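Raw contents of entry.csv, CSV, C-alpha atoms:
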```csv
chain,number,residue,atom,x,y,z
A,1,MET,CA,10.5,14.8,20.6
A,2,LYS,CA,11.0,14.6,16.8
A,3,LEU,CA,14.1,12.9,15.5
A,4,SER,CA,15.6,13.3,12.0
A,5,LEU,CA,16.5,9.9,10.7
A,6,PRO,CA,18.1,8.4,7.6
A,7,PRO,CA,15.6,7.7,4.8
A,8,GLN,CA,14.0,4.2,4.9
A,9,PRO,CA,11.2,2.7,2.7
A,10,ILE,CA,9.0,2.2,5.7
A,11,LEU,CA,5.3,2.5,5.0
A,12,LEU,CA,2.9,1.4,7.8
A,13,PRO,CA,1.0,-0.8,7.2
A,14,SER,CA,2.5,-2.4,4.1
A,15,PRO,CA,0.3,-4.9,2.1
A,16,VAL,CA,1.0,-8.5,1.5
A,17,LEU,CA,0.8,-9.1,-2.2
A,18,ILE,CA,1.2,-12.5,-3.7
A,19,ILE,CA,2.1,-12.1,-7.3
A,20,GLY,CA,1.1,-14.9,-9.7
A,21,THR,CA,2.9,-15.4,-13.1
A,22,TYR,CA,3.9,-18.2,-15.5
A,23,ASP,CA,7.5,-18.9,-16.2
A,24,SER,CA,8.9,-19.5,-19.7
A,25,ASN,CA,7.9,-23.1,-19.5
A,26,GLY,CA,4.4,-22.3,-18.4
A,27,LYS,CA,5.0,-23.3,-14.8
A,28,PRO,CA,2.9,-21.2,-12.4
A,29,ASN,CA,4.8,-19.3,-9.8
A,30,ILE,CA,4.0,-17.0,-6.9
A,31,MET,CA,6.0,-14.5,-4.9
A,32,ASN,CA,5.5,-12.3,-1.9
A,33,ALA,CA,5.8,-8.6,-2.5
A,34,ALA,CA,5.3,-5.7,-0.2
A,35,TRP,CA,6.2,-2.8,-2.5
A,36,GLY,CA,3.0,-1.8,-4.3
A,37,GLY,CA,-0.3,0.0,-4.2
A,38,ILE,CA,-3.2,1.2,-6.3
A,39,ALA,CA,-2.1,3.5,-9.1
A,40,SER,CA,-5.3,4.7,-10.7
A,41,SER,CA,-9.1,4.5,-10.4
A,42,LYS,CA,-10.2,4.6,-14.1
A,43,PRO,CA,-9.1,2.4,-15.5
A,44,PRO,CA,-8.2,0.6,-12.2
A,45,CYS,CA,-4.5,0.0,-12.1
A,46,ILE,CA,-2.1,-1.3,-9.5
A,47,SER,CA,1.7,-1.0,-9.3
A,48,ILE,CA,4.2,-3.5,-7.9
A,49,SER,CA,7.9,-3.0,-7.6
A,50,LEU,CA,10.3,-5.9,-8.1
A,51,ARG,CA,14.0,-6.5,-8.4
A,52,GLU,CA,15.5,-7.9,-11.6
A,53,ALA,CA,16.9,-10.8,-9.6
A,54,THR,CA,13.4,-12.2,-9.1
A,55,LEU,CA,11.9,-14.8,-11.5
A,56,THR,CA,8.6,-12.9,-11.3
A,57,TYR,CA,10.3,-9.8,-12.9
A,58,HIS,CA,11.3,-11.9,-15.9
A,59,ASN,CA,7.9,-13.6,-16.1
A,60,ILE,CA,6.1,-10.3,-16.2
A,61,LYS,CA,8.5,-8.9,-18.8
A,62,LYS,CA,7.7,-12.0,-21.0
A,63,ASN,CA,4.0,-12.4,-20.5
A,64,LYS,CA,2.9,-8.8,-19.8
A,65,SER,CA,0.4,-10.1,-17.3
A,66,PHE,CA,0.3,-10.9,-13.5
A,67,THR,CA,-2.2,-11.5,-10.8
A,68,VAL,CA,-2.2,-9.9,-7.3
A,69,ASN,CA,-3.6,-12.4,-4.9
A,70,ILE,CA,-4.6,-11.3,-1.4
A,71,PRO,CA,-4.1,-14.0,1.3
A,72,SER,CA,-6.3,-14.2,4.3
A,73,GLU,CA,-4.4,-14.4,7.6
A,74,LYS,CA,-4.8,-18.1,7.8
A,75,TYR,CA,-2.4,-18.5,4.9
A,76,LEU,CA,0.4,-16.7,6.7
A,77,LYS,CA,2.9,-19.6,6.5
A,78,GLU,CA,2.2,-20.0,2.8
A,79,ALA,CA,2.5,-16.3,2.0
A,80,ASP,CA,5.7,-16.1,3.9
A,81,PHE,CA,7.1,-19.2,2.3
A,82,VAL,CA,6.7,-18.0,-1.2
A,83,GLY,CA,8.8,-15.0,-0.2
A,84,ILE,CA,11.7,-17.1,1.1
A,85,VAL,CA,12.4,-19.4,-1.8
A,86,SER,CA,12.8,-18.9,-5.5
A,87,GLY,CA,10.6,-20.3,-8.3
A,88,ARG,CA,13.8,-21.1,-10.2
A,89,ASP,CA,14.6,-23.8,-7.7
A,90,ARG,CA,11.2,-24.9,-6.5
A,91,ASP,CA,7.6,-25.4,-7.5
A,92,LYS,CA,6.2,-23.0,-4.9
A,93,PHE,CA,2.6,-23.9,-5.6
A,94,LYS,CA,3.3,-27.5,-4.9
A,95,ASP,CA,5.5,-27.0,-1.9
A,96,SER,CA,3.0,-24.6,-0.3
A,97,ARG,CA,0.1,-26.9,-1.2
A,98,LEU,CA,-1.7,-24.0,-3.0
A,99,THR,CA,-3.6,-24.5,-6.2
A,100,PRO,CA,-3.0,-22.6,-9.4
A,101,GLU,CA,-6.1,-21.9,-11.5
A,102,LYS,CA,-6.2,-20.4,-14.9
A,103,SER,CA,-7.4,-16.9,-15.2
A,104,LYS,CA,-10.1,-16.4,-17.9
A,105,LEU,CA,-8.7,-12.9,-18.7
A,106,VAL,CA,-5.0,-12.7,-18.3
A,107,ASN,CA,-2.0,-15.0,-18.8
A,108,ALA,CA,-1.2,-15.6,-15.1
A,109,PRO,CA,-2.4,-18.0,-12.4
A,110,ILE,CA,-4.9,-17.4,-9.6
A,111,VAL,CA,-4.3,-18.8,-6.1
A,112,LYS,CA,-7.5,-20.8,-5.6
A,113,GLU,CA,-7.3,-20.9,-1.8
A,114,PHE,CA,-7.0,-17.1,-1.4
A,115,PRO,CA,-10.2,-15.0,-1.0
A,116,TYR,CA,-9.7,-12.7,-4.0
A,117,THR,CA,-7.4,-11.9,-6.9
A,118,LEU,CA,-6.8,-8.9,-9.2
A,119,GLU,CA,-6.2,-9.9,-12.8
A,120,CYS,CA,-3.7,-7.5,-14.4
A,121,ASN,CA,-2.3,-6.7,-17.8
A,122,LEU,CA,1.0,-4.8,-17.9
A,123,VAL,CA,0.5,-1.2,-19.1
A,124,ASN,CA,3.7,0.5,-18.0
A,125,GLN,CA,7.1,-0.2,-16.4
A,126,ILE,CA,9.5,2.3,-14.9
A,127,LYS,CA,13.0,1.5,-13.6
A,128,ILE,CA,13.4,3.2,-10.2
A,129,GLY,CA,16.7,2.6,-8.5
A,130,SER,CA,16.9,-1.0,-7.3
A,131,HIS,CA,13.4,-1.9,-8.4
A,132,THR,CA,11.3,-1.8,-11.5
A,133,MET,CA,7.7,-0.6,-11.0
A,134,PHE,CA,5.3,-2.6,-13.1
A,135,VAL,CA,1.9,-0.9,-13.5
A,136,GLY,CA,-0.9,-3.4,-14.3
A,137,GLU,CA,-4.4,-2.5,-15.5
A,138,ILE,CA,-6.8,-4.5,-13.4
A,139,VAL,CA,-9.1,-6.1,-16.1
A,140,GLY,CA,-11.0,-8.4,-13.8
A,141,MET,CA,-11.4,-9.6,-10.2
A,142,VAL,CA,-12.0,-13.1,-9.0
A,143,ALA,CA,-13.4,-13.6,-5.5
A,144,ASP,CA,-14.8,-16.2,-3.2
A,145,ASN,CA,-18.6,-15.6,-3.0
A,146,GLU,CA,-18.4,-15.7,0.8
A,147,VAL,CA,-16.0,-12.7,1.1
A,148,LEU,CA,-18.2,-10.3,-0.9
A,149,ASN,CA,-20.6,-7.7,0.6
A,150,SER,CA,-24.0,-6.9,-0.9
A,151,ASN,CA,-22.3,-4.6,-3.6
A,152,GLN,CA,-20.1,-7.6,-4.7
A,153,PHE,CA,-17.0,-5.9,-3.3
A,154,PRO,CA,-14.5,-7.8,-1.2
A,155,ASP,CA,-15.3,-7.0,2.5
A,156,ILE,CA,-12.1,-6.6,4.7
A,157,GLU,CA,-13.8,-8.2,7.6
A,158,LYS,CA,-14.5,-11.3,5.6
A,159,VAL,CA,-11.2,-11.3,3.6
A,160,ARG,CA,-9.2,-11.0,6.8
A,161,PRO,CA,-6.1,-9.9,5.0
A,162,MET,CA,-2.6,-9.8,6.6
A,163,LEU,CA,-0.5,-6.7,6.7
A,164,TRP,CA,3.3,-6.4,7.1
A,165,GLY,CA,4.9,-4.3,9.8
A,166,SER,CA,7.9,-3.5,7.6
A,167,PHE,CA,11.5,-3.3,8.9
A,168,GLY,CA,10.5,-2.0,12.3
A,169,SER,CA,8.9,-5.3,13.3
A,170,MET,CA,9.7,-7.9,10.6
A,171,ALA,CA,6.3,-9.4,11.4
A,172,TYR,CA,2.8,-9.9,10.0
A,173,TYR,CA,-0.3,-8.5,11.7
A,174,ASN,CA,-4.0,-9.0,11.3
A,175,ILE,CA,-6.6,-6.3,11.1
A,176,GLY,CA,-8.2,-5.1,14.3
A,177,ILE,CA,-11.6,-3.5,14.6
A,178,LYS,CA,-13.5,-0.9,12.7
A,179,ILE,CA,-12.7,2.5,14.2
A,180,GLY,CA,-14.7,4.9,11.9
A,181,GLU,CA,-16.4,5.5,8.6
A,182,SER,CA,-14.5,7.2,5.8
A,183,PHE,CA,-15.7,10.4,4.2
A,184,SER,CA,-17.8,10.7,7.4
A,185,ALA,CA,-15.8,10.6,10.7
A,186,GLY,CA,-14.1,13.9,9.7
A,187,ASN,CA,-17.3,15.8,9.3
A,188,GLU,CA,-17.3,16.5,13.0
A,189,LEU,CA,-14.4,18.9,12.3
A,190,ASN,CA,-16.2,20.4,9.3
A,191,CYS,CA,-17.6,23.3,11.2
A,192,LYS,CA,-17.9,25.5,8.1
A,193,LYS,CA,-19.9,23.0,6.0
B,1,MET,CA,-17.3,-20.7,-5.1
B,2,LYS,CA,-15.2,-18.3,-7.2
B,3,LEU,CA,-17.0,-15.5,-8.9
B,4,SER,CA,-15.7,-13.4,-11.8
B,5,LEU,CA,-16.3,-9.7,-11.1
B,6,PRO,CA,-15.8,-6.4,-12.8
B,7,PRO,CA,-12.4,-4.8,-12.2
B,8,GLN,CA,-12.1,-2.6,-9.2
B,9,PRO,CA,-9.1,-0.8,-7.6
B,10,ILE,CA,-9.6,-2.7,-4.3
B,11,LEU,CA,-6.4,-3.5,-2.4
B,12,LEU,CA,-6.8,-4.8,1.2
B,13,PRO,CA,-5.6,-3.3,3.3
B,14,SER,CA,-5.0,0.2,1.8
B,15,PRO,CA,-2.8,2.7,3.6
B,16,VAL,CA,-3.9,6.1,5.0
B,17,LEU,CA,-1.4,8.5,3.6
B,18,ILE,CA,-1.6,12.2,4.6
B,19,ILE,CA,0.3,14.1,1.9
B,20,GLY,CA,1.8,17.4,3.0
B,21,THR,CA,2.6,20.2,0.5
B,22,TYR,CA,2.8,24.0,0.2
B,23,ASP,CA,0.5,25.9,-2.2
B,24,SER,CA,1.6,28.7,-4.5
B,25,ASN,CA,1.3,31.2,-1.6
B,26,GLY,CA,3.3,29.1,0.7
B,27,LYS,CA,0.3,28.0,2.7
B,28,PRO,CA,0.8,24.4,4.1
B,29,ASN,CA,-1.8,21.9,3.0
B,30,ILE,CA,-2.6,18.2,3.7
B,31,MET,CA,-4.8,15.7,1.9
B,32,ASN,CA,-5.7,12.0,2.5
B,33,ALA,CA,-4.6,9.6,-0.2
B,34,ALA,CA,-5.1,5.8,-0.3
B,35,TRP,CA,-3.5,5.2,-3.7
B,36,GLY,CA,0.2,4.6,-3.1
B,37,GLY,CA,3.0,2.4,-1.9
B,38,ILE,CA,6.7,1.8,-1.7
B,39,ALA,CA,8.3,1.9,-5.2
B,40,SER,CA,12.0,1.1,-4.6
B,41,SER,CA,14.4,0.2,-1.8
B,42,LYS,CA,17.6,1.9,-3.0
B,43,PRO,CA,17.2,4.7,-3.1
B,44,PRO,CA,14.0,4.5,-1.0
B,45,CYS,CA,11.1,5.7,-3.1
B,46,ILE,CA,7.4,5.9,-2.6
B,47,SER,CA,4.6,6.5,-5.1
B,48,ILE,CA,1.3,8.3,-4.6
B,49,SER,CA,-1.4,8.7,-7.2
B,50,LEU,CA,-3.5,11.8,-7.4
B,51,ARG,CA,-6.2,13.3,-9.6
B,52,GLU,CA,-5.4,16.6,-11.4
B,53,ALA,CA,-8.5,18.1,-9.6
B,54,THR,CA,-6.7,18.1,-6.3
B,55,LEU,CA,-4.7,21.1,-5.0
B,56,THR,CA,-2.0,18.7,-3.9
B,57,TYR,CA,-1.4,17.6,-7.5
B,58,HIS,CA,-0.6,21.2,-8.5
B,59,ASN,CA,1.5,21.8,-5.4
B,60,ILE,CA,3.7,18.8,-6.1
B,61,LYS,CA,4.0,19.9,-9.8
B,62,LYS,CA,5.2,23.3,-8.6
B,63,ASN,CA,7.4,22.4,-5.6
B,64,LYS,CA,8.7,19.0,-6.7
B,65,SER,CA,8.4,17.9,-3.0
B,66,PHE,CA,5.9,16.3,-0.7
B,67,THR,CA,5.7,14.6,2.7
B,68,VAL,CA,3.9,11.3,3.5
B,69,ASN,CA,2.7,11.6,7.1
B,70,ILE,CA,1.4,8.5,8.8
B,71,PRO,CA,-1.4,9.2,11.3
B,72,SER,CA,-1.9,7.1,14.3
B,73,GLU,CA,-5.4,5.8,14.9
B,74,LYS,CA,-6.2,8.5,17.4
B,75,TYR,CA,-6.1,11.0,14.6
B,76,LEU,CA,-8.9,9.3,12.6
B,77,LYS,CA,-11.2,12.3,12.5
B,78,GLU,CA,-8.4,14.6,11.4
B,79,ALA,CA,-7.2,12.2,8.7
B,80,ASP,CA,-10.7,11.8,7.4
B,81,PHE,CA,-11.5,15.5,7.5
B,82,VAL,CA,-8.5,16.4,5.3
B,83,GLY,CA,-9.9,14.0,2.7
B,84,ILE,CA,-13.3,15.6,2.7
B,85,VAL,CA,-12.6,19.3,2.1
B,86,SER,CA,-10.3,21.1,-0.3
B,87,GLY,CA,-7.3,23.3,0.6
B,88,ARG,CA,-8.5,25.7,-2.0
B,89,ASP,CA,-11.4,26.7,0.2
B,90,ARG,CA,-10.0,26.0,3.7
B,91,ASP,CA,-6.9,26.0,5.9
B,92,LYS,CA,-7.0,22.3,6.6
B,93,PHE,CA,-4.2,22.5,9.2
B,94,LYS,CA,-6.0,25.2,11.1
B,95,ASP,CA,-9.5,23.6,10.9
B,96,SER,CA,-8.1,20.2,12.0
B,97,ARG,CA,-6.0,21.7,14.7
B,98,LEU,CA,-2.9,20.1,13.4
B,99,THR,CA,0.5,21.8,13.3
B,100,PRO,CA,2.7,22.3,10.2
B,101,GLU,CA,6.4,22.1,10.8
B,102,LYS,CA,9.1,22.9,8.3
B,103,SER,CA,11.1,20.0,6.9
B,104,LYS,CA,14.8,20.5,7.1
B,105,LEU,CA,15.2,18.6,3.8
B,106,VAL,CA,12.3,19.1,1.5
B,107,ASN,CA,10.0,22.0,0.6
B,108,ALA,CA,6.9,20.5,2.2
B,109,PRO,CA,5.3,20.6,5.7
B,110,ILE,CA,5.5,17.9,8.4
B,111,VAL,CA,2.4,17.1,10.5
B,112,LYS,CA,3.8,17.6,14.0
B,113,GLU,CA,1.2,15.5,15.8
B,114,PHE,CA,1.6,12.4,13.6
B,115,PRO,CA,4.2,9.7,14.7
B,116,TYR,CA,6.4,9.8,11.6
B,117,THR,CA,6.8,11.3,8.2
B,118,LEU,CA,8.7,10.5,5.0
B,119,GLU,CA,10.3,13.5,3.4
B,120,CYS,CA,10.2,13.2,-0.4
B,121,ASN,CA,11.6,14.9,-3.5
B,122,LEU,CA,9.8,14.2,-6.8
B,123,VAL,CA,11.9,12.0,-9.1
B,124,ASN,CA,9.2,10.8,-11.6
B,125,GLN,CA,5.6,11.3,-12.7
B,126,ILE,CA,3.5,9.1,-14.9
B,127,LYS,CA,0.0,9.8,-16.1
B,128,ILE,CA,-2.1,6.7,-15.7
B,129,GLY,CA,-5.8,7.0,-16.6
B,130,SER,CA,-7.6,9.2,-14.1
B,131,HIS,CA,-4.5,9.6,-11.9
B,132,THR,CA,-0.9,10.8,-12.0
B,133,MET,CA,1.6,8.7,-10.2
B,134,PHE,CA,4.2,10.8,-8.4
B,135,VAL,CA,7.3,9.0,-7.4
B,136,GLY,CA,9.2,10.6,-4.6
B,137,GLU,CA,12.6,9.7,-3.4
B,138,ILE,CA,12.5,9.5,0.4
B,139,VAL,CA,15.4,11.7,1.4
B,140,GLY,CA,14.8,11.7,5.1
B,141,MET,CA,12.4,10.5,7.8
B,142,VAL,CA,11.2,12.4,10.9
B,143,ALA,CA,9.7,10.4,13.8
B,144,ASP,CA,8.6,10.8,17.4
B,145,ASN,CA,11.3,9.3,19.6
B,146,GLU,CA,8.7,7.2,21.4
B,147,VAL,CA,7.5,5.3,18.3
B,148,LEU,CA,11.0,4.0,17.4
B,149,ASN,CA,12.4,0.6,18.2
B,150,SER,CA,16.0,-0.1,19.1
B,151,ASN,CA,17.1,0.1,15.5
B,152,GLN,CA,15.6,3.6,15.1
B,153,PHE,CA,12.8,2.2,12.8
B,154,PRO,CA,9.2,3.2,13.4
B,155,ASP,CA,7.5,0.3,15.2
B,156,ILE,CA,4.0,-0.5,14.0
B,157,GLU,CA,2.9,-1.4,17.5
B,158,LYS,CA,3.9,2.0,18.7
B,159,VAL,CA,2.8,4.0,15.6
B,160,ARG,CA,-0.6,2.4,15.7
B,161,PRO,CA,-1.4,3.3,12.1
B,162,MET,CA,-4.9,3.2,10.6
B,163,LEU,CA,-5.7,1.3,7.5
B,164,TRP,CA,-8.6,1.7,5.0
B,165,GLY,CA,-11.0,-1.0,4.1
B,166,SER,CA,-11.5,0.4,0.6
B,167,PHE,CA,-14.9,0.3,-1.2
B,168,GLY,CA,-16.1,-2.9,0.4
B,169,SER,CA,-16.4,-1.2,3.8
B,170,MET,CA,-15.8,2.5,3.4
B,171,ALA,CA,-14.3,2.4,6.9
B,172,TYR,CA,-11.0,2.7,8.8
B,173,TYR,CA,-9.6,-0.2,10.9
B,174,ASN,CA,-6.8,-0.4,13.4
B,175,ILE,CA,-4.1,-3.1,13.4
B,176,GLY,CA,-4.8,-6.3,15.3
B,177,ILE,CA,-2.1,-8.5,16.8
B,178,LYS,CA,1.2,-10.0,15.6
B,179,ILE,CA,0.5,-13.3,13.9
B,180,GLY,CA,3.9,-14.3,12.7
B,181,GLU,CA,7.5,-13.4,11.8
B,182,SER,CA,8.3,-12.5,8.2
B,183,PHE,CA,11.1,-14.5,6.4
B,184,SER,CA,10.6,-17.0,9.2
B,185,ALA,CA,7.0,-18.3,9.6
B,186,GLY,CA,7.2,-19.9,6.1
B,187,ASN,CA,10.2,-22.0,6.9
B,188,GLU,CA,7.9,-24.6,8.3
B,189,LEU,CA,6.9,-25.4,4.7
B,190,ASN,CA,10.5,-25.3,3.5
B,191,CYS,CA,11.0,-29.0,3.7
B,192,LYS,CA,13.8,-29.1,1.2
B,193,LYS,CA,16.0,-26.4,2.8
```

How does the structure come out when it is put into C-alpha cells?
Amino acid sequence: MKLSLPPQPILLPSPVLIIGTYDSNGKPNIMNAAWGGIASSKPPCISISLREATLTYHNIKKNKSFTVNIPSEKYLKEADFVGIVSGRDRDKFKDSRLTPEKSKLVNAPIVKEFPYTLECNLVNQIKIGSHTMFVGEIVGMVADNEVLNSNQFPDIEKVRPMLWGSFGSMAYYNIGIKIGESFSAGNELNCKK
Amino acid sequence: MKLSLPPQPILLPSPVLIIGTYDSNGKPNIMNAAWGGIASSKPPCISISLREATLTYHNIKKNKSFTVNIPSEKYLKEADFVGIVSGRDRDKFKDSRLTPEKSKLVNAPIVKEFPYTLECNLVNQIKIGSHTMFVGEIVGMVADNEVLNSNQFPDIEKVRPMLWGSFGSMAYYNIGIKIGESFSAGNELNCKK
C-alpha cells in the first residue's frame, strides 16, 4: 500500500563527502556533507549544499575552492567525527589523525589517507532555502594508484566508499556486490531494438 | 602513491534516480539519471542535472514538475532499460512493464512498483556546461508502507536501493551491511568533548 507522507530530503543512498577547505588563517579544515552530487559532465562539475553556520561555507566563499574527498569505509570514525565538531573550535585534521596535503591545482587541502579526491574551483553558488548550493568545476583528481582500474578511473570495489542511509537509519553502510552492468542489463527488455 | 589525474565527474557511490515526467501529449515517461543530490533541507529540495537532448529536460521545462523514484535492486533491468532508450521513440512504462500512477501533488507520474518517490516542483534551473541543473522542491513523498520505519521514513534496509559505480566500473551495486551510526561513531575520536 502506498502512503502519502510529508516531504523529506531523503535520497537513498546518500554519499559521504568530506569537504576540504582552508580557513582565513590558512588552517586546513574538513567537514562531512551528504547533500551533493555531480552537476555536469563537460566540464565536470559537482555541487555541494551547506548551511551558512558552517565554517566550510565561509571558507569556500573566501577561497573559491574546495576539495571533495571520498573516504573508504575503514575511515568511518574519522568521516563521522569531522561531521560532529566544528573547525572553529578544533583542528579536525589533527584530532582525527588525518593528513592535509596541498593540492597542486586548487586552494584547498587533500586528505592524504583517503583513496581519491576531486579538486574543485567554485563556478556558481545558489541560495536555496536553508542551504547554499556551491557548484565546483572539477579541475583535477588525485587518487591512490592502487584504487585505479586500467582506465585510470577510481574503481568502486577498490575505493570501498561508504554511503549514508539518511534519516531512516542514521547509519553508514558499505557497498555490497555487483548486481549488473549499466547500459547493458536493461537490453533484455529492449525487445524492439 | 598519489597520482594526479585528469578531471572526471566520478562520485562514488552515485545514486540511481528514475525521473518521472509527462510529455507534451500527457504520456508518462521515465529516465535514469545519476547526476543529482539533495540541495537543501528546509524546504527539502533535490537537484538533478540533465542534457537538453533528453525528452525529460523538455518535459520539466514545460510542466515545472518531476518525480524522483528510487528503484529497489530487484528492478535493476527496468532501471537500466529506461536509461538506454528514449521516450521520444518508445513508451518506456509499457516496455518495462512498470505502472504510472498520478501524483496527488505534482504534475508528474509515480512509478507504482518502486518503494518510494519524491514529488517535486521546479524552483530553480541553472545551465552548467553540458547539463542543466533542475532544482525541485520536494513537496511530498509517496512510499510503500512496508519500506517505512517507525518514524515513517524510508528505511534503506527495506528499500534496498541500487547504486551506480560510475565510469570506473559501469556497473550497479547493492548496499552491503551497516558499518556504524552517524553522529555517533566519530565520538570515539572526540577526546576533548

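Closest to A:Ile177 among A:Asn63, A:Glu157, A:Met1, A:Ser150 is A:Glu157, based on only C-alpha atoms.
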
So that I can see what lies close to stretch 102-107 of chain B, please list as a ChimeraX atom specification the residues with an atom at most 10 Å from it, counting all atoms listed in the file and leaving out residues fewer than 4 positions away in the same chain. /A:4 /B:20-22,26,28,60,63-67,111-112,117-122,138-142

As a PyMOL selection string, please: the residues near A:Asp144 (cut-off 12 Å, only C-alpha atoms, same-chain neighbours under 4 positions excluded). (chain A and resi 69-72+110-117+148-149+152-155+158-159) or (chain B and resi 1-5)

Store the residues of this selection in a file with C-alpha atoms, as a JSON list (two decimals), keeping the file's coordinate frame.
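Output (again-v4.json):
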```
[["chain", "number", "residue", "atom", "x", "y", "z"],
["A", 69, "ASN", "CA", -3.60, -12.40, -4.90],
["A", 70, "ILE", "CA", -4.60, -11.30, -1.40],
["A", 71, "PRO", "CA", -4.10, -14.00, 1.30],
["A", 72, "SER", "CA", -6.30, -14.20, 4.30],
["A", 110, "ILE", "CA", -4.90, -17.40, -9.60],
["A", 111, "VAL", "CA", -4.30, -18.80, -6.10],
["A", 112, "LYS", "CA", -7.50, -20.80, -5.60],
["A", 113, "GLU", "CA", -7.30, -20.90, -1.80],
["A", 114, "PHE", "CA", -7.00, -17.10, -1.40],
["A", 115, "PRO", "CA", -10.20, -15.00, -1.00],
["A", 116, "TYR", "CA", -9.70, -12.70, -4.00],
["A", 117, "THR", "CA", -7.40, -11.90, -6.90],
["A", 148, "LEU", "CA", -18.20, -10.30, -0.90],
["A", 149, "ASN", "CA", -20.60, -7.70, 0.60],
["A", 152, "GLN", "CA", -20.10, -7.60, -4.70],
["A", 153, "PHE", "CA", -17.00, -5.90, -3.30],
["A", 154, "PRO", "CA", -14.50, -7.80, -1.20],
["A", 155, "ASP", "CA", -15.30, -7.00, 2.50],
["A", 158, "LYS", "CA", -14.50, -11.30, 5.60],
["A", 159, "VAL", "CA", -11.20, -11.30, 3.60],
["B", 1, "MET", "CA", -17.30, -20.70, -5.10],
["B", 2, "LYS", "CA", -15.20, -18.30, -7.20],
["B", 3, "LEU", "CA", -17.00, -15.50, -8.90],
["B", 4, "SER", "CA", -15.70, -13.40, -11.80],
["B", 5, "LEU", "CA", -16.30, -9.70, -11.10]]
```

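In this model, the gap between atom CA of B:Pro44 and atom CA of A:Ala34 comes to 13.4 Å.
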
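Separating atom CA of A:Ser14 from atom CA of A:Asn187 is a distance of 27.4 Å.
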
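Coordinates place atom CA of B:Tyr172 at a distance of 5.3 Å from atom CA of A:Gly180.
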
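When all atoms listed in the file are used to compute distances to A:Lys62, the closest of the residues A:Thr99, A:Asn25, A:Asn151, A:Ser169 turns out to be A:Asn25.
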
Please determine, counting only C-alpha atoms, which residue among B:Lys92, B:His131, B:Arg51, B:Arg97 has the shortest atom-to-atom distance to chain A. B:His131
